[in-house]
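Colleague: Provided below: coords.txt, containing compact mmCIF, C-alpha atoms.
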```txt
# COMPACT_ATOMS: atom_id res chain seq x y z
CA MET U 192 0.00 0.00 0.00
CA ASP U 193 1.26 3.46 -0.89
CA SER U 194 0.92 5.24 2.47
CA HIS U 195 0.35 8.54 0.66
CA ARG U 196 -2.20 7.26 -1.86
CA PRO U 197 -4.10 4.23 -0.58
CA ALA U 198 -7.09 2.97 -2.56
CA VAL U 199 -10.20 2.99 -0.35
CA VAL U 200 -13.65 1.80 -1.42
CA LEU U 201 -16.58 3.51 0.32
CA ALA U 202 -19.78 1.47 0.05
CA PRO U 203 -22.32 2.48 2.71
CA ASP U 204 -26.06 2.07 2.70
CA SER U 205 -28.10 5.16 3.60
CA PHE U 206 -28.35 6.23 7.22
CA LYS U 207 -32.14 6.28 7.10
CA GLY U 208 -33.78 9.51 8.23
CA SER U 209 -30.41 11.23 8.29
CA LEU U 210 -28.15 10.90 5.23
CA ALA U 211 -28.44 9.31 1.81
CA ALA U 212 -25.64 6.91 0.91
CA PRO U 213 -23.90 9.40 -1.47
CA ASP U 214 -23.86 11.96 1.36
CA VAL U 215 -22.30 9.40 3.70
CA CYS U 216 -19.57 8.89 1.10
CA THR U 217 -18.98 12.65 1.00
CA ALA U 218 -18.57 12.83 4.79
CA TRP U 219 -16.25 9.82 4.84
CA THR U 220 -14.16 11.28 2.03
CA GLU U 221 -13.64 14.46 4.06
CA GLY U 222 -12.38 12.43 7.03
CA LEU U 223 -10.09 10.23 4.94
CA GLN U 224 -8.50 13.19 3.18
CA ARG U 225 -7.40 14.63 6.52
CA VAL U 226 -5.14 11.58 6.79
CA TRP U 227 -4.43 10.89 3.11
CA PRO U 228 -4.96 14.09 1.05
CA HIS U 229 -4.27 12.24 -2.20
CA ALA U 230 -6.05 8.96 -1.49
CA ASP U 231 -7.65 7.04 -4.36
CA ILE U 232 -11.19 7.12 -2.99
CA ARG U 233 -13.69 4.95 -4.87
CA ALA U 234 -17.19 5.92 -3.73
CA ARG U 235 -19.80 3.25 -4.44
CA PRO U 236 -22.93 4.17 -2.42
CA MET U 237 -25.00 1.05 -1.76
CA ALA U 238 -28.66 0.18 -1.21
CA ASP U 239 -30.71 -2.98 -0.78
CA GLY U 240 -33.91 -2.04 -2.61
CA GLY U 241 -35.38 0.21 0.09
CA GLU U 242 -35.03 3.91 0.73
CA GLY U 243 -32.00 5.33 -1.10
CA THR U 244 -31.83 2.71 -3.86
CA LEU U 245 -32.67 5.14 -6.66
CA ALA U 246 -30.12 7.72 -5.47
CA ALA U 247 -27.39 5.09 -5.12
CA VAL U 248 -27.96 3.63 -8.59
CA LEU U 249 -28.12 7.01 -10.34
CA ALA U 250 -25.01 8.24 -8.51
CA ALA U 251 -23.13 5.18 -9.73
CA VAL U 252 -24.17 5.17 -13.39
CA GLY U 253 -23.62 8.90 -13.97
CA ASP U 254 -24.65 10.09 -17.43
CA GLN U 255 -25.97 6.61 -18.27
CA GLY U 256 -29.00 7.31 -16.10
CA SER U 257 -31.61 10.03 -15.71
CA ARG U 258 -34.13 10.97 -13.02
CA SER U 259 -37.76 11.94 -13.62
CA GLN U 260 -40.73 12.87 -11.46
CA LEU U 261 -44.34 11.75 -11.78
CA ARG U 262 -47.48 12.73 -9.89
CA VAL U 263 -49.18 9.65 -8.45
CA ARG U 264 -51.26 8.76 -5.43
CA GLY U 265 -49.42 8.22 -2.17
CA ALA U 266 -50.27 5.68 0.50
CA GLY U 267 -53.09 7.79 1.94
CA ASN U 268 -54.57 8.58 -1.50
CA GLU U 269 -53.07 12.07 -1.56
CA THR U 270 -51.24 13.21 -4.70
CA THR U 271 -47.49 13.03 -4.36
CA SER U 272 -44.46 13.53 -6.60
CA ALA U 273 -42.49 10.30 -7.01
CA ALA U 274 -39.04 10.03 -8.55
CA TRP U 275 -37.98 7.19 -10.82
CA GLY U 276 -34.88 6.49 -12.88
CA LEU U 277 -34.13 5.40 -16.41
CA LEU U 278 -30.89 3.56 -17.20
CA GLU U 279 -29.46 3.36 -20.69
CA GLN U 280 -27.89 -0.10 -20.87
CA PRO U 281 -26.48 -2.09 -23.82
CA GLN U 282 -29.47 -4.44 -23.67
CA GLY U 283 -31.96 -1.57 -23.64
CA ARG U 284 -33.63 0.89 -21.29
CA VAL U 285 -34.33 -0.12 -17.71
CA ALA U 286 -36.65 1.72 -15.33
CA VAL U 287 -35.63 1.88 -11.66
CA ILE U 288 -38.53 2.32 -9.25
CA GLU U 289 -38.18 2.68 -5.49
CA SER U 290 -41.49 1.91 -3.84
CA ALA U 291 -40.54 4.07 -0.85
CA GLN U 292 -40.73 7.07 -3.19
CA VAL U 293 -44.49 6.47 -3.41
CA VAL U 294 -45.51 4.78 -0.16
CA GLY U 295 -42.54 5.40 2.11
CA ILE U 296 -42.87 5.04 5.87
CA THR U 297 -41.11 8.41 6.23
CA ASP U 298 -43.94 10.17 4.35
CA ALA U 299 -45.85 12.05 7.06
CA ALA U 300 -48.96 12.58 4.91
CA GLY U 301 -49.34 8.86 4.23
CA MET U 302 -48.61 7.88 7.82
CA ARG U 303 -51.36 10.15 9.10
CA VAL U 304 -53.90 7.87 7.40
CA PRO U 305 -54.72 4.67 9.35
CA VAL U 306 -52.77 1.70 7.98
CA ASN U 307 -55.98 -0.16 7.11
CA ASP U 308 -56.86 2.68 4.71
CA ARG U 309 -53.47 2.90 2.96
CA SER U 310 -52.88 1.52 -0.51
CA THR U 311 -50.09 0.86 -3.01
CA ARG U 312 -52.20 2.16 -5.90
CA GLY U 313 -49.62 4.85 -6.69
CA VAL U 314 -46.94 2.23 -7.32
CA GLY U 315 -49.18 0.71 -9.99
CA GLU U 316 -49.84 4.16 -11.46
CA LEU U 317 -46.10 4.72 -11.74
CA ILE U 318 -45.54 1.34 -13.39
CA ARG U 319 -48.36 2.00 -15.86
CA ALA U 320 -46.93 5.41 -16.80
CA VAL U 321 -43.50 3.89 -17.42
CA LEU U 322 -45.09 1.18 -19.56
CA ASP U 323 -46.77 3.98 -21.53
CA SER U 324 -43.30 5.38 -22.28
CA GLY U 325 -42.33 2.11 -23.98
CA VAL U 326 -40.07 0.65 -21.29
CA ARG U 327 -40.42 -3.09 -20.71
CA ARG U 328 -37.61 -3.79 -18.24
CA PHE U 329 -37.95 -2.81 -14.58
CA MET U 330 -35.93 -2.96 -11.40
CA ILE U 331 -38.31 -2.32 -8.52
CA GLY U 332 -36.95 -1.80 -5.03
CA LEU U 333 -39.03 -2.81 -2.03
CA GLY U 334 -38.50 -1.69 1.55
CA GLY U 335 -39.38 1.15 3.86
CA SER U 336 -43.06 1.04 2.92
CA SER U 337 -45.99 2.21 5.03
CA THR U 338 -48.55 -0.06 3.37
CA ASN U 339 -49.89 -3.52 4.21
CA ASP U 340 -52.39 -4.16 1.41
CA GLY U 341 -50.80 -7.23 -0.18
CA GLY U 342 -50.09 -5.15 -3.28
CA ALA U 343 -53.82 -4.97 -4.02
CA GLY U 344 -53.59 -1.26 -4.77
CA MET U 345 -50.78 -1.73 -7.26
CA LEU U 346 -52.65 -4.55 -9.00
CA SER U 347 -55.89 -2.57 -9.15
CA ALA U 348 -54.07 0.31 -10.86
CA LEU U 349 -52.87 -2.22 -13.43
CA GLY U 350 -56.38 -3.52 -14.16
CA LEU U 351 -57.22 -6.10 -11.49
CA VAL U 352 -60.85 -5.71 -10.37
CA LEU U 353 -61.81 -6.41 -6.75
CA LEU U 354 -65.47 -7.26 -6.11
CA ASP U 355 -67.73 -7.75 -3.11
CA ALA U 356 -70.54 -10.31 -2.83
CA ASN U 357 -72.95 -7.99 -4.66
CA GLY U 358 -70.61 -7.40 -7.60
CA GLY U 359 -69.59 -3.92 -6.47
CA THR U 360 -65.95 -2.84 -6.37
CA VAL U 361 -64.08 -2.70 -3.08
CA ALA U 362 -61.22 -0.39 -2.14
CA PRO U 363 -57.74 -1.95 -2.50
CA THR U 364 -56.91 -1.40 1.17
CA PRO U 365 -56.90 -3.80 4.13
CA ALA U 366 -60.22 -2.30 5.23
CA GLY U 367 -61.75 -2.65 1.76
CA LEU U 368 -60.42 -6.16 1.22
CA ALA U 369 -62.36 -7.33 4.27
CA ALA U 370 -65.45 -7.36 2.00
CA LEU U 371 -63.69 -9.06 -0.94
CA ALA U 372 -65.60 -11.93 -2.55
CA ALA U 373 -64.15 -12.19 -6.08
CA VAL U 374 -61.21 -11.08 -8.21
CA ASP U 375 -61.46 -10.41 -11.95
CA ALA U 376 -58.16 -10.40 -13.84
CA THR U 377 -59.54 -10.13 -17.39
CA SER U 378 -58.58 -6.44 -17.64
CA ILE U 379 -55.06 -6.75 -16.23
CA ASP U 380 -52.62 -4.74 -18.37
CA PRO U 381 -51.56 -7.10 -21.20
CA ARG U 382 -48.19 -5.37 -21.49
CA LEU U 383 -47.15 -7.07 -18.23
CA ARG U 384 -46.82 -10.34 -20.15
CA GLU U 385 -43.96 -8.88 -22.18
CA THR U 386 -42.32 -7.07 -19.25
CA ASP U 387 -39.25 -8.22 -17.32
CA VAL U 388 -39.37 -7.23 -13.64
CA THR U 389 -36.51 -7.72 -11.17
CA ILE U 390 -37.72 -7.27 -7.59
CA MET U 391 -35.02 -5.90 -5.28
CA SER U 392 -35.36 -6.61 -1.55
CA ASP U 393 -33.57 -8.09 1.44
CA VAL U 394 -36.79 -9.60 2.87
CA SER U 395 -37.46 -13.33 2.49
CA ASN U 396 -40.77 -13.55 4.40
CA PRO U 397 -43.91 -15.10 2.88
CA LEU U 398 -47.08 -13.04 2.56
CA CYS U 399 -49.06 -14.46 5.49
CA GLY U 400 -48.66 -16.45 8.66
CA PRO U 401 -46.41 -16.03 11.71
CA ARG U 402 -43.49 -14.87 9.54
CA GLY U 403 -45.65 -12.92 7.10
CA ALA U 404 -45.90 -9.25 6.26
CA THR U 405 -48.54 -8.41 8.86
CA ALA U 406 -47.03 -10.34 11.78
CA ILE U 407 -43.45 -9.20 11.30
CA PHE U 408 -43.65 -5.75 9.72
CA GLY U 409 -47.23 -4.67 10.41
CA PRO U 410 -46.64 -3.24 13.91
CA GLN U 411 -44.11 -0.66 12.72
CA LYS U 412 -46.70 0.55 10.19
CA GLY U 413 -49.50 0.82 12.72
CA VAL U 414 -51.18 -2.61 12.65
CA THR U 415 -52.39 -3.22 16.21
CA GLU U 416 -52.16 -6.54 18.00
CA ARG U 417 -55.96 -6.57 18.13
CA ASP U 418 -56.24 -6.26 14.31
CA ARG U 419 -53.24 -8.37 13.34
CA ASP U 420 -54.94 -11.75 12.88
CA ASP U 421 -57.95 -10.26 11.07
CA VAL U 422 -55.71 -8.39 8.63
CA ASP U 423 -53.62 -11.50 8.03
CA ARG U 424 -56.72 -13.53 7.23
CA THR U 425 -57.95 -10.77 4.91
CA LEU U 426 -54.68 -10.81 2.97
CA ALA U 427 -54.71 -14.61 2.82
CA ARG U 428 -58.20 -14.59 1.26
CA PHE U 429 -57.17 -11.86 -1.21
CA ALA U 430 -54.06 -13.86 -2.14
CA SER U 431 -56.03 -17.05 -2.72
CA LEU U 432 -58.53 -15.31 -5.03
CA ALA U 433 -55.83 -13.36 -6.88
CA GLU U 434 -53.67 -16.46 -7.39
CA ALA U 435 -56.64 -18.34 -8.84
CA ALA U 436 -57.43 -15.45 -11.17
CA LEU U 437 -53.87 -15.11 -12.47
CA GLY U 438 -52.80 -18.75 -12.22
CA ARG U 439 -49.68 -18.27 -10.12
CA PRO U 440 -49.35 -19.62 -6.54
CA VAL U 441 -46.75 -17.25 -5.06
CA ALA U 442 -47.96 -16.25 -1.58
CA GLN U 443 -45.58 -18.67 0.14
CA LEU U 444 -42.55 -17.78 -1.96
CA PRO U 445 -39.63 -16.00 -0.29
CA GLY U 446 -40.13 -12.25 -0.48
CA ALA U 447 -43.91 -12.31 -0.96
CA GLY U 448 -44.22 -10.45 2.35
CA ALA U 449 -41.81 -7.67 1.36
CA ALA U 450 -43.21 -4.11 1.49
CA GLY U 451 -46.51 -5.22 3.00
CA GLY U 452 -47.13 -7.71 0.21
CA LEU U 453 -45.86 -5.78 -2.80
CA GLY U 454 -43.45 -8.69 -3.20
CA PHE U 455 -46.45 -10.99 -3.58
CA ALA U 456 -48.18 -8.74 -6.13
CA LEU U 457 -45.08 -8.29 -8.28
CA GLN U 458 -44.33 -12.03 -8.30
CA LEU U 459 -47.98 -12.62 -9.18
CA VAL U 460 -47.46 -10.71 -12.45
CA GLY U 461 -44.20 -12.50 -13.24
CA GLY U 462 -41.56 -10.56 -11.34
CA ARG U 463 -38.36 -12.37 -10.29
CA PHE U 464 -37.07 -11.90 -6.76
CA ALA U 465 -33.41 -11.01 -6.19
CA SER U 466 -31.22 -9.79 -3.37
CA GLY U 467 -31.53 -6.04 -3.66
CA ALA U 468 -28.03 -5.39 -2.37
CA ARG U 469 -26.52 -7.87 -4.85
CA VAL U 470 -28.40 -6.30 -7.75
CA VAL U 471 -27.22 -2.83 -6.72
CA ALA U 472 -23.65 -4.09 -6.22
CA GLY U 473 -23.65 -5.31 -9.79
CA LEU U 474 -25.10 -2.07 -11.16
CA ILE U 475 -22.55 0.12 -9.39
CA GLY U 476 -19.52 -2.02 -10.25
CA LEU U 477 -18.57 -2.90 -6.67
CA ASP U 478 -16.34 -5.84 -7.64
CA GLU U 479 -14.43 -3.69 -10.10
CA ALA U 480 -13.96 -0.95 -7.51
CA LEU U 481 -12.56 -3.46 -4.99
CA HIS U 482 -9.97 -4.77 -7.44
CA GLY U 483 -6.56 -3.63 -6.20
CA ALA U 484 -8.03 -1.69 -3.26
CA ASP U 485 -6.30 -1.51 0.12
CA TRP U 486 -9.33 -1.06 2.33
CA ALA U 487 -13.12 -0.85 2.20
CA ILE U 488 -15.61 0.79 4.54
CA THR U 489 -19.33 0.08 4.72
CA GLY U 490 -22.14 0.82 7.16
CA GLU U 491 -25.79 1.72 7.68
CA GLY U 492 -28.03 3.52 10.12
CA ARG U 493 -28.16 0.64 12.60
CA THR U 494 -26.41 -2.71 12.44
CA ASP U 495 -27.57 -5.85 14.22
CA ALA U 496 -27.69 -9.58 13.53
CA GLN U 497 -30.26 -8.99 10.75
CA THR U 498 -27.51 -7.32 8.71
CA LEU U 499 -25.87 -10.71 8.24
CA LEU U 500 -29.00 -12.04 6.50
CA GLY U 501 -28.20 -10.12 3.32
CA LYS U 502 -28.33 -6.40 3.99
CA ALA U 503 -26.01 -4.08 2.09
CA PRO U 504 -23.01 -4.13 4.51
CA PHE U 505 -23.01 -7.93 4.45
CA ILE U 506 -22.99 -8.00 0.65
CA VAL U 507 -20.10 -5.50 0.65
CA ALA U 508 -18.22 -7.69 3.13
CA GLU U 509 -18.75 -10.74 0.93
CA ALA U 510 -17.40 -8.91 -2.12
CA ALA U 511 -14.43 -7.51 -0.21
CA THR U 512 -13.53 -10.95 1.12
CA ARG U 513 -13.57 -12.37 -2.41
CA ALA U 514 -11.26 -9.56 -3.48
CA GLY U 515 -8.91 -10.04 -0.53
CA VAL U 516 -9.65 -6.56 0.83
CA HIS U 517 -10.05 -5.75 4.52
CA VAL U 518 -13.47 -4.22 5.20
CA SER U 519 -14.52 -2.21 8.26
CA LEU U 520 -17.98 -1.25 9.47
CA LEU U 521 -19.06 2.24 10.57
CA SER U 522 -22.77 2.51 11.40
CA GLY U 523 -24.94 4.95 13.25
CA ALA U 524 -25.52 2.39 15.99
CA LEU U 525 -24.45 -1.17 16.76
CA ASP U 526 -26.28 -3.92 18.61
CA ALA U 527 -23.70 -5.07 21.15
CA LYS U 528 -25.20 -8.57 21.24
CA ALA U 529 -24.33 -9.02 17.56
CA LEU U 530 -20.68 -7.96 17.84
CA PRO U 531 -19.25 -11.50 18.03
CA GLU U 532 -20.96 -12.42 14.74
CA LEU U 533 -20.18 -9.07 13.13
CA GLY U 534 -16.55 -9.28 14.19
CA ALA U 535 -16.14 -12.44 12.15
CA ARG U 536 -17.08 -10.49 9.02
CA PHE U 537 -15.56 -7.03 9.56
CA ALA U 538 -12.10 -5.74 10.44
CA GLY U 539 -13.44 -3.56 13.20
CA CYS U 540 -17.01 -2.46 13.93
CA PHE U 541 -17.57 1.17 14.91
CA ALA U 542 -20.57 3.28 15.92
CA LEU U 543 -21.14 6.97 15.28
CA PRO U 544 -21.44 8.64 18.73
CA ASP U 545 -18.18 9.80 20.32
CA ALA U 546 -19.96 11.19 23.40
CA PRO U 547 -23.33 10.74 25.11
CA MET U 548 -25.98 12.12 22.77
CA THR U 549 -29.57 11.57 21.77
CA LEU U 550 -30.66 9.97 18.50
CA ALA U 551 -31.81 13.39 17.28
CA GLU U 552 -28.38 14.85 18.03
CA CYS U 553 -26.67 11.97 16.20
CA MET U 554 -28.82 12.51 13.14
CA ALA U 555 -28.39 16.29 13.16
CA ASN U 556 -24.59 16.06 13.48
CA ALA U 557 -24.11 13.01 11.27
CA PRO U 558 -21.88 14.56 8.54
CA SER U 559 -19.27 15.99 10.90
CA ALA U 560 -19.44 13.00 13.25
CA LEU U 561 -18.94 10.56 10.37
CA ALA U 562 -15.98 12.54 9.06
CA ASN U 563 -14.38 12.61 12.50
CA ARG U 564 -14.95 8.92 13.16
CA VAL U 565 -13.62 7.73 9.80
CA GLU U 566 -10.56 9.98 10.23
CA GLN U 567 -9.68 8.12 13.42
CA MET U 568 -10.32 4.78 11.75
CA ALA U 569 -7.96 5.79 8.95
CA ARG U 570 -5.24 6.80 11.40
CA LEU U 571 -5.53 3.39 13.07
CA PHE U 572 -5.46 1.64 9.68
CA ALA U 573 -2.41 3.63 8.57
CA ALA U 574 -0.57 2.87 11.80
CA SER U 575 -1.27 -0.86 11.41
CA ARG U 576 0.40 -0.83 7.99
CA ARG U 577 3.61 0.94 8.96
```
Once you've parsed the file, please lay out its structure as structure tokens.
Modeller:
Amino acid sequence: MDSHRPAVVLAPDSFKGSLAAPDVCTAWTEGLQRVWPHADIRARPMADGGEGTLAAVLAAVGDQGSRSQLRVRGAGNETTSAAWGLLEQPQGRVAVIESAQVVGITDAAGMRVPVNDRSTRGVGELIRAVLDSGVRRFMIGLGGSSTNDGGAGMLSALGLVLLDANGGTVAPTPAGLAALAAVDATSIDPRLRETDVTIMSDVSNPLCGPRGATAIFGPQKGVTERDRDDVDRTLARFASLAEAALGRPVAQLPGAGAAGGLGFALQLVGGRFASGARVVAGLIGLDEALHGADWAITGEGRTDAQTLLGKAPFIVAEAATRAGVHVSLLSGALDAKALPELGARFAGCFALPDAPMTLAECMANAPSALANRVEQMARLFAASRR
């Protein structure tokens, strides 16, 4: 390693609610340059399909990608402006959609509406508009959603008709689906049959049951313990009718429970599930960046044992190990109980606070704190190589 110009790969996920992954890279770069002013810094902001995926992909592809905005309905049926990306690739154009842009759990307007009245309809509206533009290849990131409708809203925007016992239409929300008696798929958008959809997520849960969307992720979206079983049964009935109408049994497949069931709905129309972090790693050229590097740093807002199930820092660690590159972890917070497992994967695990402070203070001071912390990590790394 050239002590004056080491090659360092920066591949963080976003620090949710605080900094996007490209901004984390900027803060880390500032800290590293205090130690190595001329370092070869290779910024590869990561994501796993959830919040920040679109920003990470567009930052990596540069002028091979473009960002657009579209007015669609948010989770609470209000009109919102959702961003999406278009990649120009050798095999053709690819649309990148981040469901959190439409129904994100950080959207205050959507979260003010009770979870049983929220819908993914806007995600379907966005897909339909992109289909109208002629695109037939999609990468759709799931994660960070506020909805728990089994993807019924998305499917209804794409032509699926939901009917009650009297033949009237029902709302594509958990509350509306309680009256569901039949599903008519004859008007589903025919262009979906010629569309290739890669679903990006780090969630492997099925749609329903004790490990399903409602049981595991529902509480953080507002599903109460009192309503949990009723909502789960409602989604199970919807899934059974929708599967029969479209001829695909997918509710028990890994990832069907992602984003409150959007994973189910997208697989129902032919989407293929993939590790979001691995897809993003391929798009941003992570393996190429690690070639010949001296060190890599990754991290996320909070790291615990779940990270080792396929979240972005784990995927970075895998790639760095293959390349023979030491990789360290710097996250906003660390679960101390997970440190023995994390230590087997990372050359040092570090958390953001350098003094007692509240979560709000950590988030407000994240750029300077990250720069300071990574500076000290770099000094330790440099000393170990002398």
Colleague: As a list of chain:residue names, please: the residues near stretch 337-354 of chain U (cut-off 6 Å, all atoms listed in the file, same-chain neighbours under 6 positions excluded).
Modeller: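 Residues near the query, excluding close chain neighbours: U:Val294, U:Gly295, U:Ile296, U:Arg309, U:Ser310, U:Thr311, U:Arg312, U:Val314, U:Gly315, U:Glu316, U:Thr360, U:Val361, U:Pro363, U:Thr364, U:Pro365, U:Leu371, U:Ala372, U:Ala373, U:Val374, U:Asp375, U:Ala376, U:Ser378, U:Ile379, U:Asp380, U:Lys412, U:Gly451, U:Gly452, U:Leu453, U:Ala456.
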Colleague: As JSON, numbers by chain, please: the residues near stretch 253-258 of chain U (cut-off 8 Å, all atoms listed in the file, same-chain neighbours under 2 positions excluded).
Modeller: {"U": [249, 250, 251, 260, 274, 275, 276, 277, 278, 279, 280]}
Colleague: Given only C-alpha atoms as the basis, pick out the residue of U:Gly534, U:Arg233, U:Ala320, U:Met302 nearest to U:Val263.
Modeller: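 Between U:Gly534, U:Arg233, U:Ala320, U:Met302, the residue approaching U:Val263 most closely is U:Ala320.
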Colleague: Just want the 9 Å neighbourhood of U:Leu521, counted on only C-alpha atoms, with same-chain residues fewer than 5 positions away dropped. Output as a PDB file with C-alpha atoms, in the coordinates of the input.
Modeller:
```
ATOM      1  CA  PRO U 203     -22.320   2.480   2.710  1.00  0.00           C
ATOM      2  CA  ILE U 488     -15.610   0.790   4.540  1.00  0.00           C
ATOM      3  CA  THR U 489     -19.330   0.080   4.720  1.00  0.00           C
ATOM      4  CA  GLY U 490     -22.140   0.820   7.160  1.00  0.00           C
ATOM      5  CA  GLU U 491     -25.790   1.720   7.680  1.00  0.00           C
ATOM      6  CA  GLY U 539     -13.440  -3.560  13.200  1.00  0.00           C
ATOM      7  CA  CYS U 540     -17.010  -2.460  13.930  1.00  0.00           C
ATOM      8  CA  PHE U 541     -17.570   1.170  14.910  1.00  0.00           C
ATOM      9  CA  ALA U 542     -20.570   3.280  15.920  1.00  0.00           C
ATOM     10  CA  LEU U 543     -21.140   6.970  15.280  1.00  0.00           C
ATOM     11  CA  LEU U 561     -18.940  10.560  10.370  1.00  0.00           C
ATOM     12  CA  ARG U 564     -14.950   8.920  13.160  1.00  0.00           C
ATOM     13  CA  VAL U 565     -13.620   7.730   9.800  1.00  0.00           C
TER      14      VAL U 565
END
```
Colleague: In Å, how far is it from atom CA of U:Ala246 to atom CA of U:Pro445?
Modeller: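 Calculated distance between atom CA of U:Ala246 and atom CA of U:Pro445 is 26.1 Å.
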Colleague: Give the answer as one residue: which of U:Leu525, U:Val321, U:Ala404, U:Ala472 has the shortest atom-to-atom distance to U:Val507, using all atoms listed in the file?
Modeller: U:Ala472
Colleague: Would you please work out which residue, of U:Ile506, U:Asp323, U:Val199, U:Ser466, is nearest to U:Met237 when using all atoms listed in the file?
Modeller: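 Result for the nearest residue to U:Met237: U:Ile506.
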Colleague: Show which residues sit within 7 Å of stretch 419-430 of chain U, as a list in words. Count only C-alpha atoms, and ignore same-chain residues fewer than 2 positions away.
Modeller: Gly341, Pro365, Leu368, Ala369, Cys399, Thr405, Ala406, Val414, Thr415, Glu416, Arg417, Leu432, Ala433, Glu434 and Ala442 of chain U
Colleague: Of the candidates U:Thr271, U:Ser336, U:Thr386, U:Ser324, which shows the shortest atom-to-atom distance to U:Thr297, using all atoms listed in the file?
Modeller: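 Result for the nearest residue to U:Thr297: U:Ser336.
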